[in-house]
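Quick look at input_32.cif (mmCIF, C-alpha atoms (C1' of nucleotides)):
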```
data_start
#
loop_
_atom_site.label_atom_id
_atom_site.label_comp_id
_atom_site.auth_asym_id
_atom_site.auth_seq_id
_atom_site.Cartn_x
_atom_site.Cartn_y
_atom_site.Cartn_z
CA MET S 699 116.02 95.29 102.35
CA PRO S 700 115.34 95.27 98.62
CA ASP S 701 111.79 94.55 97.69
CA PRO S 702 111.56 91.18 95.99
CA ASP S 703 108.38 91.93 94.12
CA LEU S 704 109.71 94.91 92.23
CA ALA S 705 109.84 93.21 88.86
CA PHE S 706 106.41 91.63 89.23
CA ALA S 707 104.68 94.69 90.63
CA ASP S 708 103.19 97.38 88.47
CA HIS S 709 105.63 100.20 88.24
CA ASP S 710 106.70 103.09 86.05
CA HIS S 711 109.03 101.01 83.99
CA ALA S 712 110.33 103.77 81.77
CA ARG S 713 111.54 105.51 84.85
CA CYS S 714 112.84 102.27 86.36
CA ALA S 715 114.95 101.64 83.27
CA GLN S 716 116.08 105.25 82.99
CA ASP S 717 117.21 105.31 86.60
CA ALA S 718 119.11 102.08 86.16
CA LEU S 719 120.90 103.42 83.13
CA GLU S 720 121.95 106.55 84.99
CA ARG S 721 123.14 104.50 87.92
CA ALA S 722 125.13 102.36 85.51
CA GLU S 723 126.80 105.44 84.05
CA THR S 724 127.78 106.63 87.49
CA LEU S 725 129.03 103.27 88.64
CA THR S 726 131.13 102.53 85.60
CA ARG S 727 132.72 105.97 85.73
CA ALA S 728 133.50 105.45 89.39
CA ALA S 729 135.05 102.09 88.54
CA GLY S 730 137.22 103.60 85.82
CA ALA S 731 135.44 101.51 83.20
CA ARG S 732 133.94 102.71 79.95
CA LEU S 733 130.28 102.28 79.13
CA THR S 734 130.79 102.38 75.37
CA PRO S 735 127.93 102.57 72.86
CA VAL S 736 127.59 98.80 72.38
CA ARG S 737 127.75 98.11 76.08
CA ARG S 738 125.30 100.85 76.87
CA ARG S 739 122.96 99.66 74.17
CA VAL S 740 123.07 96.07 75.45
CA LEU S 741 122.22 97.29 78.91
CA GLU S 742 119.29 99.23 77.46
CA LEU S 743 118.07 96.09 75.74
CA LEU S 744 118.25 94.15 78.99
CA LEU S 745 116.40 96.95 80.72
CA GLU S 746 113.51 97.01 78.25
CA GLU S 747 111.72 94.32 80.19
CA HIS S 748 112.36 92.35 83.34
CA LYS S 749 113.14 89.32 81.26
CA ALA S 750 116.27 87.44 80.45
CA LEU S 751 117.68 87.77 76.96
CA GLY S 752 119.88 85.17 75.29
CA ALA S 753 123.19 86.28 73.82
CA TYR S 754 121.93 85.60 70.33
CA ASP S 755 118.78 87.64 70.90
CA VAL S 756 120.97 90.52 71.95
CA LEU S 757 123.21 89.95 68.96
CA ALA S 758 120.29 90.05 66.55
CA ARG S 759 119.18 93.40 67.94
CA LEU S 760 122.69 94.80 67.77
CA THR S 761 123.20 93.63 64.21
CA ALA S 762 119.93 95.24 63.18
CA GLU S 763 121.27 98.47 64.56
CA GLY S 764 124.53 98.37 62.64
CA PHE S 765 126.84 96.73 65.14
CA GLY S 766 128.76 93.61 64.16
CA ASN S 767 127.00 90.34 63.55
CA GLN S 768 129.32 87.87 65.20
CA PRO S 769 128.73 86.29 68.62
CA PRO S 770 131.68 87.93 70.38
CA ILE S 771 130.05 91.34 69.88
CA ALA S 772 127.23 90.29 72.19
CA TYR S 773 129.19 88.07 74.53
CA ARG S 774 131.82 90.68 75.22
CA ALA S 775 129.33 93.37 76.07
CA LEU S 776 127.39 90.96 78.27
CA GLU S 777 130.54 89.81 79.99
CA PHE S 778 131.45 93.41 80.70
CA LEU S 779 128.06 94.11 82.23
CA VAL S 780 128.22 91.00 84.38
CA ASP S 781 131.76 91.84 85.52
CA GLN S 782 130.62 95.34 86.46
CA ARG S 783 127.64 93.84 88.27
CA LEU S 784 125.22 95.69 86.04
CA ALA S 785 123.73 92.43 84.81
CA HIS S 786 123.38 88.84 85.91
CA ARG S 787 123.62 85.59 84.08
CA ILE S 788 120.67 83.24 84.53
CA GLN S 789 122.20 79.79 84.32
CA ARG S 790 118.94 77.98 83.88
CA LEU S 791 118.06 79.95 80.77
CA ASN S 792 121.52 80.55 79.31
CA ALA S 793 120.46 84.16 79.34
CA PHE S 794 121.14 87.54 80.87
CA THR S 795 119.11 90.06 82.78
CA ALA S 796 119.81 93.58 84.01
CA CYS S 797 120.72 93.82 87.66
CA ALA S 798 117.80 95.13 89.67
CA HIS S 799 119.97 96.49 92.45
CA MET S 800 122.98 98.10 90.81
CA GLY S 801 125.52 99.38 93.24
CA GLU S 802 123.80 97.82 96.23
CA ASP S 803 125.60 95.07 98.05
CA HIS S 804 123.18 92.24 97.52
CA ALA S 805 123.04 88.48 97.23
CA PRO S 806 120.41 87.73 94.66
CA ALA S 807 118.21 84.71 94.25
CA PHE S 808 116.36 84.72 90.96
CA LEU S 809 112.67 84.06 90.68
CA ILE S 810 112.07 82.91 87.13
CA CYS S 811 108.55 82.59 85.79
CA ARG S 812 108.33 79.57 83.53
CA ALA S 813 105.30 81.00 81.75
CA CYS S 814 106.26 84.58 80.89
CA HIS S 815 110.00 84.33 81.56
CA MET S 816 110.00 87.33 83.79
CA VAL S 817 112.89 87.39 86.25
CA ALA S 818 112.85 89.04 89.66
CA GLU S 819 115.58 89.28 92.22
CA ALA S 820 114.88 88.26 95.77
CA GLU S 821 117.35 88.81 98.56
CA ALA S 822 119.15 85.59 99.36
CA ALA S 823 121.52 86.70 102.09
CA ASN S 824 119.70 84.65 104.69
CA SER S 825 119.39 81.67 102.45
CA ARG S 826 123.11 81.81 101.75
CA ALA S 827 124.01 82.13 105.38
CA VAL S 828 122.21 78.87 106.04
CA LEU S 829 124.01 77.24 103.15
CA ASP S 830 127.38 78.52 104.34
CA THR S 831 126.82 76.75 107.61
CA GLU S 832 126.11 73.48 105.84
CA ALA S 833 129.16 73.90 103.62
CA ALA S 834 131.40 74.77 106.53
CA ARG S 835 130.41 71.49 108.20
CA ALA S 836 131.77 69.74 105.12
CA GLY S 837 134.94 71.82 105.12
CA PHE S 838 133.96 73.37 101.81
CA ARG S 839 134.93 76.98 101.19
CA VAL S 840 132.14 78.69 99.28
CA GLU S 841 133.13 81.40 96.83
CA ARG S 842 130.11 81.98 94.65
CA VAL S 843 126.53 80.83 94.97
CA THR S 844 123.80 80.56 92.39
CA ILE S 845 120.22 80.36 93.57
CA GLU S 846 117.49 80.16 90.98
CA ALA S 847 113.85 79.39 91.61
CA LEU S 848 111.62 78.33 88.74
CA GLY S 849 107.90 78.76 89.16
CA LEU S 850 105.00 81.04 88.39
CA CYS S 851 104.87 84.78 88.89
CA PRO S 852 101.74 86.37 90.36
CA SER S 853 100.14 87.23 87.04
CA CYS S 854 100.74 83.82 85.49
CA GLN S 855 99.29 81.81 88.37
CA GLY S 856 95.69 82.05 87.19
CA SER S 857 96.36 81.07 83.60
CA THR S 858 98.16 77.78 84.25
CA MET P 1016 119.99 64.56 108.10
CA PRO P 1017 122.26 63.56 105.21
CA ASP P 1018 125.89 64.21 105.82
CA PRO P 1019 127.12 66.92 103.50
CA ASP P 1020 130.73 65.86 103.54
CA LEU P 1021 130.15 62.38 102.23
CA ALA P 1022 131.65 62.99 98.82
CA PHE P 1023 134.67 64.81 100.17
CA ALA P 1024 135.39 62.41 102.99
CA ASP P 1025 137.46 59.29 102.57
CA HIS P 1026 135.16 56.37 102.12
CA ASP P 1027 134.94 52.92 100.60
CA HIS P 1028 133.92 54.17 97.23
CA ALA P 1029 133.52 50.81 95.55
CA ARG P 1030 130.94 49.97 98.14
CA CYS P 1031 129.37 53.42 97.92
CA ALA P 1032 128.88 52.99 94.19
CA GLN P 1033 127.71 49.40 94.50
CA ASP P 1034 125.11 50.32 97.08
CA ALA P 1035 123.87 53.17 94.95
CA LEU P 1036 123.47 50.89 91.97
CA GLU P 1037 121.47 48.40 93.99
CA ARG P 1038 119.30 51.14 95.37
CA ALA P 1039 118.73 52.36 91.83
CA GLU P 1040 117.62 48.89 90.75
CA THR P 1041 115.17 48.69 93.59
CA LEU P 1042 113.81 52.17 93.07
CA THR P 1043 113.30 51.87 89.34
CA ARG P 1044 111.56 48.54 89.73
CA ALA P 1045 109.30 50.07 92.37
CA ALA P 1046 108.55 52.94 90.02
CA GLY P 1047 107.68 50.58 87.17
CA ALA P 1048 110.55 51.92 85.11
CA ARG P 1049 113.23 49.95 83.33
CA LEU P 1050 116.90 50.30 84.11
CA THR P 1051 118.07 49.11 80.71
CA PRO P 1052 121.72 48.35 79.89
CA VAL P 1053 122.53 51.85 78.54
CA ARG P 1054 120.82 53.55 81.45
CA ARG P 1055 122.46 51.31 83.97
CA ARG P 1056 125.83 51.79 82.36
CA VAL P 1057 125.44 55.58 82.37
CA LEU P 1058 124.61 55.47 86.04
CA GLU P 1059 127.70 53.36 86.65
CA LEU P 1060 129.80 55.95 84.83
CA LEU P 1061 128.37 58.73 86.97
CA LEU P 1062 129.06 56.65 90.05
CA GLU P 1063 132.72 56.06 89.23
CA GLU P 1064 133.68 59.29 90.91
CA HIS P 1065 131.86 62.05 92.74
CA LYS P 1066 132.31 64.30 89.76
CA ALA P 1067 130.02 65.66 87.15
CA LEU P 1068 130.27 64.25 83.65
CA GLY P 1069 129.23 66.11 80.52
CA ALA P 1070 126.81 64.44 78.14
CA TYR P 1071 129.50 64.16 75.50
CA ASP P 1072 131.94 62.56 77.95
CA VAL P 1073 129.29 59.98 78.72
CA LEU P 1074 128.61 59.53 75.03
CA ALA P 1075 132.28 58.89 74.28
CA ARG P 1076 132.41 56.17 76.90
CA LEU P 1077 129.23 54.59 75.62
CA THR P 1078 130.40 54.67 72.03
CA ALA P 1079 133.67 53.00 73.03
CA GLU P 1080 131.59 50.23 74.55
CA GLY P 1081 129.53 49.60 71.47
CA PHE P 1082 126.49 51.74 72.09
CA GLY P 1083 125.45 54.33 69.53
CA ASN P 1084 127.51 57.39 68.86
CA GLN P 1085 124.90 60.09 68.53
CA PRO P 1086 124.10 62.63 71.27
CA PRO P 1087 120.56 61.40 71.96
CA ILE P 1088 121.99 58.10 73.20
CA ALA P 1089 123.58 59.92 76.11
CA TYR P 1090 120.98 62.63 76.60
CA ARG P 1091 118.11 60.17 76.78
CA ALA P 1092 119.77 57.98 79.37
CA LEU P 1093 120.74 61.03 81.42
CA GLU P 1094 117.24 62.45 81.18
CA PHE P 1095 115.83 59.17 82.40
CA LEU P 1096 118.17 59.13 85.40
CA VAL P 1097 117.31 62.70 86.27
CA ASP P 1098 113.58 62.03 85.92
CA GLN P 1099 113.91 59.02 88.22
CA ARG P 1100 115.90 61.14 90.64
CA LEU P 1101 118.91 58.88 90.33
CA ALA P 1102 121.05 61.72 89.01
CA HIS P 1103 121.15 65.50 89.07
CA ARG P 1104 121.99 68.05 86.48
CA ILE P 1105 124.62 70.59 87.49
CA GLN P 1106 123.62 73.74 85.64
CA ARG P 1107 126.86 75.55 86.20
CA LEU P 1108 128.85 72.81 84.50
CA ASN P 1109 126.34 71.62 81.91
CA ALA P 1110 127.00 68.24 83.41
CA PHE P 1111 125.47 65.41 85.40
CA THR P 1112 126.25 63.67 88.65
CA ALA P 1113 124.80 60.63 90.39
CA CYS P 1114 122.38 61.41 93.18
CA ALA P 1115 124.01 60.90 96.55
CA HIS P 1116 120.74 60.26 98.34
CA MET P 1117 118.66 58.08 96.10
CA GLY P 1118 115.22 57.41 97.41
CA GLU P 1119 115.57 59.85 100.27
CA ASP P 1120 113.37 62.90 100.25
CA HIS P 1121 115.98 65.59 100.05
CA ALA P 1122 116.51 69.10 98.78
CA PRO P 1123 120.04 69.26 97.52
CA ALA P 1124 122.42 72.16 97.26
CA PHE P 1125 125.52 71.31 95.28
CA LEU P 1126 129.01 72.08 96.48
CA ILE P 1127 131.18 72.20 93.39
CA CYS P 1128 134.95 72.32 93.70
CA ARG P 1129 136.35 74.56 90.99
CA ALA P 1130 139.74 72.87 91.23
CA CYS P 1131 138.98 69.14 91.12
CA HIS P 1132 135.36 69.34 89.97
CA MET P 1133 134.16 67.12 92.73
CA VAL P 1134 130.50 67.60 93.57
CA ALA P 1135 128.92 67.02 96.97
CA GLU P 1136 125.32 67.37 98.00
CA ALA P 1137 124.49 69.42 101.04
CA GLU P 1138 121.02 69.55 102.49
CA ALA P 1139 119.29 72.74 101.46
CA ALA P 1140 115.88 72.32 103.05
CA ASN P 1141 116.54 75.17 105.48
CA SER P 1142 117.99 77.36 102.81
CA ARG P 1143 114.97 76.76 100.64
CA ALA P 1144 112.55 77.46 103.42
CA VAL P 1145 114.09 80.88 103.79
CA LEU P 1146 113.86 81.47 100.06
CA ASP P 1147 110.24 80.34 99.98
CA THR P 1148 109.41 83.02 102.48
CA GLU P 1149 111.03 85.68 100.31
CA ALA P 1150 109.27 84.39 97.23
CA ALA P 1151 105.93 84.26 98.98
CA ARG P 1152 106.28 87.93 99.85
CA ALA P 1153 106.53 88.60 96.13
CA GLY P 1154 103.56 86.39 95.35
CA PHE P 1155 105.79 84.03 93.42
CA ARG P 1156 104.96 80.32 93.52
CA VAL P 1157 108.19 78.35 93.62
CA GLU P 1158 108.19 74.98 91.89
CA ARG P 1159 111.83 74.00 91.55
CA VAL P 1160 114.95 75.48 93.06
CA THR P 1161 118.55 75.17 91.99
CA ILE P 1162 121.23 75.97 94.52
CA GLU P 1163 124.83 75.59 93.48
CA ALA P 1164 127.89 76.76 95.39
CA LEU P 1165 131.21 77.06 93.62
CA GLY P 1166 134.34 77.00 95.74
CA LEU P 1167 137.09 74.78 97.03
CA CYS P 1168 136.71 71.37 98.59
CA PRO P 1169 138.75 70.48 101.69
CA SER P 1170 141.57 68.79 99.81
CA CYS P 1171 141.96 71.58 97.24
CA GLN P 1172 142.15 74.43 99.75
CA GLY P 1173 145.85 74.06 100.41
CA SER P 1174 146.91 73.94 96.79
CA THR P 1175 145.27 77.17 95.67
"C1'" DT G 201 100.62 32.16 71.39
"C1'" DC G 202 99.88 36.07 68.64
"C1'" DT G 203 99.61 40.66 67.97
"C1'" DA G 204 98.88 45.50 69.15
"C1'" DT G 205 100.86 49.09 71.70
"C1'" DA G 206 104.02 51.45 74.30
"C1'" DT G 207 108.66 52.04 75.14
"C1'" DG G 208 113.39 52.11 74.01
"C1'" DT G 209 117.43 52.49 70.79
"C1'" DG G 210 120.04 53.96 66.61
"C1'" DT G 211 120.98 57.53 63.30
"C1'" DA G 212 120.96 61.81 60.57
"C1'" DA G 213 120.56 66.42 60.56
"C1'" DT G 214 120.52 70.69 62.67
"C1'" DA G 215 119.90 74.13 66.24
"C1'" DA G 216 121.55 76.76 70.08
"C1'" DC G 217 125.19 78.38 72.92
"C1'" DA G 218 130.09 79.85 73.44
"C1'" DT G 219 135.10 80.81 72.70
"C1'" DA G 220 139.86 81.33 70.49
"C1'" DA G 221 142.69 83.94 67.68
"C1'" DC G 222 143.90 87.71 65.02
"C1'" DA G 223 143.51 92.36 62.62
"C1'" DC G 224 142.53 96.94 63.12
"C1'" DG G 225 141.13 101.26 65.23
"C1'" DT G 226 141.03 104.72 68.90
"C1'" DC G 227 142.37 107.16 72.74
"C1'" DA G 228 144.99 108.76 76.58
"C1'" DA G 229 149.67 108.85 79.08
"C1'" DG G 230 154.26 109.54 78.59
"C1'" DC O 547 153.93 112.00 68.25
"C1'" DT O 548 154.28 107.52 69.65
"C1'" DT O 549 153.42 103.68 72.36
"C1'" DG O 550 150.58 100.74 74.80
"C1'" DA O 551 146.13 99.46 76.63
"C1'" DC O 552 141.67 98.78 75.45
"C1'" DG O 553 137.77 98.05 72.51
"C1'" DT O 554 135.61 96.42 68.23
"C1'" DG O 555 135.04 93.57 64.04
"C1'" DT O 556 135.59 89.18 61.80
"C1'" DT O 557 136.86 84.33 60.83
"C1'" DA O 558 136.74 80.06 62.35
"C1'" DT O 559 135.73 76.59 65.38
"C1'" DG O 560 134.26 74.25 69.57
"C1'" DT O 561 130.67 72.70 72.73
"C1'" DT O 562 126.08 71.60 74.20
"C1'" DA O 563 121.39 70.14 72.98
"C1'" DT O 564 117.23 68.91 70.23
"C1'" DT O 565 114.09 67.34 66.41
"C1'" DA O 566 112.59 63.85 63.51
"C1'" DC O 567 112.32 59.45 61.82
"C1'" DA O 568 113.35 54.36 61.36
"C1'" DC O 569 113.60 50.22 63.60
"C1'" DA O 570 113.74 46.97 67.54
"C1'" DT O 571 112.13 44.99 71.75
"C1'" DA O 572 109.28 44.23 75.76
"C1'" DT O 573 104.73 43.68 77.65
"C1'" DA O 574 99.81 43.25 78.09
"C1'" DG O 575 95.61 41.71 76.31
"C1'" DA O 576 92.95 38.89 72.85
#
```
Here is a file; write its structure as structure tokens.
Amino acid sequence: MPDPDLAFADHDHARCAQDALERAETLTRAAGARLTPVRRRVLELLLEEHKALGAYDVLARLTAEGFGNQPPIAYRALEFLVDQRLAHRIQRLNAFTACAHMGEDHAPAFLICRACHMVAEAEAANSRAVLDTEAARAGFRVERVTIEALGLCPSCQGST
Amino acid sequence: MPDPDLAFADHDHARCAQDALERAETLTRAAGARLTPVRRRVLELLLEEHKALGAYDVLARLTAEGFGNQPPIAYRALEFLVDQRLAHRIQRLNAFTACAHMGEDHAPAFLICRACHMVAEAEAANSRAVLDTEAARAGFRVERVTIEALGLCPSCQGST
DNA sequence: TCTATATGTGTAATAACATAACACGTCAAG
DNA sequence: CTTGACGTGTTATGTTATTACACATATAGA
């Protein structure tokens, strides 16, 4: 089972990001998709920190680097990454974060720190199973589930 | 335990809405808050159907009835209702829906039909308990949880 | 009752988030 | 070598949300 504290724990982040990027390359090639320069760069930006970035934050970075300066530039790259399951959208923040478990079949719940905005992925398979049971009782057919927890990460618990 | 299929099931909706409104009156009075005309009217609008309404939909209705025509008119009333736990915000839709269990201590998960936009509340206490365990393993202190399931309600499953 | 204070409403202006539509370029398959 | 799919750039616009300030109204305390 994926370790939910990965993002919060001390780790060799350069390596973490590098590995993710390589996995992304492999996965997109396998899917017959193209990880073009913009798309790759956006993924790198999302991988810089375990935080969610808004589309306009991404856009500003892209523009500074010579890519276009209109919203679709960012939104399209982000949409691609989400479609390829290389990134997730965080509804609560209207923002995006790199997937922490690329290529693994997982059902994420997001742990969002309201102080430092760090985002970790916990495994929600069990949580969803319980929900599916409830939904089934109502005759509702669940297709997609969003689970987002807002709170305080380990390092922000002292300071608030 | 609250019945998750309430919104989807046939029911005497006029009575359902009327009861909710009375409960809201009682609860706000008990809380020392004021259910003013705008606020009450917004709640009535949310109670018309078990669907989520966007802030600007609400605003349009209010304006047509002689209330102000600027966004804060709607947003403030909606914020009040959410604060008083008389309504919920549906993140996925950027919209609001009346609480189906006013005054009851409940942990809702929302079942959102992507075809008819109906919204039901299922009980998510169990689902959350499971998530809390995961979060605790990561040292994360959960404060608020959003659980939203997108899918098809019973009556829309045939037609899609 | 008067009046101070908190609360609520109305309005203007703007910020933040997101998409539609079209032109153009590139690249790989036929 | 051309055609069609895909990707990028740009214009324009649509949608959602907030800040700031003016004014009104309700309520509690003198």
**Request:** Show which residues sit within 12 Å of His1121 of chain P, as a PyMOL selection string. Count all atoms listed in the file, and ignore same-chain residues fewer than 2 positions away.
**Result:** chain P and resi 1016-1019+1100+1114-1119+1123-1124+1136-1141+1143
For C-alpha atoms, I'd like the residues from the last selection saved as a PDB file, in the frame of the given file.
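So result.pdb came out as:
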```
ATOM      1  CA  MET P1016     119.990  64.560 108.100  1.00  0.00           C
ATOM      2  CA  PRO P1017     122.260  63.560 105.210  1.00  0.00           C
ATOM      3  CA  ASP P1018     125.890  64.210 105.820  1.00  0.00           C
ATOM      4  CA  PRO P1019     127.120  66.920 103.500  1.00  0.00           C
ATOM      5  CA  ARG P1100     115.900  61.140  90.640  1.00  0.00           C
ATOM      6  CA  CYS P1114     122.380  61.410  93.180  1.00  0.00           C
ATOM      7  CA  ALA P1115     124.010  60.900  96.550  1.00  0.00           C
ATOM      8  CA  HIS P1116     120.740  60.260  98.340  1.00  0.00           C
ATOM      9  CA  MET P1117     118.660  58.080  96.100  1.00  0.00           C
ATOM     10  CA  GLY P1118     115.220  57.410  97.410  1.00  0.00           C
ATOM     11  CA  GLU P1119     115.570  59.850 100.270  1.00  0.00           C
ATOM     12  CA  PRO P1123     120.040  69.260  97.520  1.00  0.00           C
ATOM     13  CA  ALA P1124     122.420  72.160  97.260  1.00  0.00           C
ATOM     14  CA  GLU P1136     125.320  67.370  98.000  1.00  0.00           C
ATOM     15  CA  ALA P1137     124.490  69.420 101.040  1.00  0.00           C
ATOM     16  CA  GLU P1138     121.020  69.550 102.490  1.00  0.00           C
ATOM     17  CA  ALA P1139     119.290  72.740 101.460  1.00  0.00           C
ATOM     18  CA  ALA P1140     115.880  72.320 103.050  1.00  0.00           C
ATOM     19  CA  ASN P1141     116.540  75.170 105.480  1.00  0.00           C
ATOM     20  CA  ARG P1143     114.970  76.760 100.640  1.00  0.00           C
TER      21      ARG P1143
END
```
**Message:** Report as a PyMOL selection string all protein, DNA and RNA residues lying within 10 Å of DC224 of chain G, evaluated on all atoms listed in the file, omitting residues in the same chain fewer than 2 positions from it.
**Reply:** (chain G and resi 222+226) or (chain O and resi 554-555)
List every residue of chain G that has an atom at most 10 Å from any atom of chain P, giving for each one its closest atom pair and the distance in Å to one decimal, counting only C-alpha atoms (C1' of nucleotides), sorted by chain and then by ascending residue number, as CSV.
```
residue,atom,partner,partner_atom,distance
G:DT207,C1',P:Arg1049,CA,9.6
G:DG208,C1',P:Thr1051,CA,8.7
G:DT209,C1',P:Ile1088,CA,7.6
G:DG210,C1',P:Gly1083,CA,6.2
G:DT211,C1',P:Gln1085,CA,7.0
G:DA212,C1',P:Gln1085,CA,9.0
```
**Request:** Counting all atoms listed in the file, collect the residues of chain P whose closest atom lies at most 9 Å from chain O, and write them out as a list in words.
**Result:** Gly1069, Ala1070, Tyr1071, Pro1086, Pro1087, Tyr1090 and Asn1109 of chain P
Could you list, with a cut-off of 8 Å and counting all atoms listed in the file, the residues of chain P near chain S, each shown with its nearest atom pair and the distance in Å rounded to one decimal, rows sorted by chain and ascending number, as a Markdown table?
```
| residue | atom | partner | partner_atom | distance |
| --- | --- | --- | --- | --- |
| P:Pro1019 | CA | S:Ala836 | CA | 5.7 |
| P:Asp1020 | CA | S:Ala836 | CA | 4.3 |
| P:Phe1023 | CA | S:Ala836 | CA | 7.6 |
| P:Gln1106 | CA | S:Gln789 | CA | 6.4 |
| P:Arg1107 | CA | S:Gln789 | CA | 6.6 |
| P:Ala1124 | CA | S:Leu829 | CA | 7.9 |
| P:Leu1126 | CA | S:Ala833 | CA | 7.4 |
| P:Ala1137 | CA | S:Glu832 | CA | 6.5 |
| P:Glu1138 | CA | S:Glu832 | CA | 7.3 |
| P:Ala1139 | CA | S:Leu829 | CA | 6.7 |
| P:Asn1141 | CA | S:Val828 | CA | 6.8 |
| P:Ser1142 | CA | S:Ser825 | CA | 4.5 |
| P:Arg1143 | CA | S:Ser825 | CA | 6.8 |
| P:Val1145 | CA | S:Ser825 | CA | 5.5 |
| P:Leu1146 | CA | S:Ser825 | CA | 6.0 |
| P:Glu1149 | CA | S:Ala820 | CA | 6.5 |
| P:Ala1150 | CA | S:Ala820 | CA | 7.0 |
| P:Arg1152 | CA | S:Asp703 | CA | 7.3 |
| P:Ala1153 | CA | S:Asp703 | CA | 4.3 |
| P:Gly1154 | CA | S:Pro852 | CA | 5.3 |
| P:Phe1155 | CA | S:Cys851 | CA | 4.7 |
| P:Arg1156 | CA | S:Leu850 | CA | 5.2 |
| P:Val1157 | CA | S:Gly849 | CA | 4.5 |
| P:Glu1158 | CA | S:Gly849 | CA | 4.7 |
| P:Arg1159 | CA | S:Leu848 | CA | 5.2 |
| P:Val1160 | CA | S:Ala847 | CA | 4.3 |
| P:Thr1161 | CA | S:Glu846 | CA | 5.2 |
| P:Ile1162 | CA | S:Ile845 | CA | 4.6 |
| P:Glu1163 | CA | S:Thr844 | CA | 5.2 |
| P:Ala1164 | CA | S:Val843 | CA | 4.3 |
| P:Leu1165 | CA | S:Arg842 | CA | 5.1 |
| P:Gly1166 | CA | S:Val840 | CA | 4.5 |
| P:Leu1167 | CA | S:Arg839 | CA | 5.2 |
| P:Cys1168 | CA | S:Phe838 | CA | 4.7 |
| P:Pro1169 | CA | S:Gly837 | CA | 5.3 |
| P:Gln1172 | CA | S:Arg839 | CA | 7.8 |
```
**Fill in**
Pairwise distance, atom CA of Glu1094 of chain P with atom C1' of DA206 of chain G, equals 18.5 Å
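Across the structure, atom C1' of DA223 of chain G and atom CA of Gln782 of chain S are spaced 27.3 Å apart.
The space between atom CA of Leu1096 of chain P and atom CA of His815 of chain S spans 26.8 Å.
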Evaluate the PyMOL selection byres ((chain P and resi 1026-1032) around 10) here and jot the selected residues down as a short mmCIF file (atom, residue, chain, number, x, y, z; two decimals) with C-alpha atoms, in the frame of the given file.
```cif
data_model
loop_
_atom_site.label_atom_id
_atom_site.label_comp_id
_atom_site.auth_asym_id
_atom_site.auth_seq_id
_atom_site.Cartn_x
_atom_site.Cartn_y
_atom_site.Cartn_z
CA LEU P 1021 130.15 62.38 102.23
CA ALA P 1022 131.65 62.99 98.82
CA PHE P 1023 134.67 64.81 100.17
CA ALA P 1024 135.39 62.41 102.99
CA ASP P 1025 137.46 59.29 102.57
CA GLN P 1033 127.71 49.40 94.50
CA ASP P 1034 125.11 50.32 97.08
CA ALA P 1035 123.87 53.17 94.95
CA LEU P 1036 123.47 50.89 91.97
CA GLU P 1037 121.47 48.40 93.99
CA ARG P 1038 119.30 51.14 95.37
CA LEU P 1058 124.61 55.47 86.04
CA GLU P 1059 127.70 53.36 86.65
CA LEU P 1060 129.80 55.95 84.83
CA LEU P 1061 128.37 58.73 86.97
CA LEU P 1062 129.06 56.65 90.05
CA GLU P 1063 132.72 56.06 89.23
CA GLU P 1064 133.68 59.29 90.91
CA HIS P 1065 131.86 62.05 92.74
CA ALA P 1113 124.80 60.63 90.39
CA ALA P 1115 124.01 60.90 96.55
#
```
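If you measure from each of S:Asp803, S:Val780, S:His786, S:Asp755 to DC217 of chain G using all atoms listed in the file, the closest one turns out to be S:Asp755.
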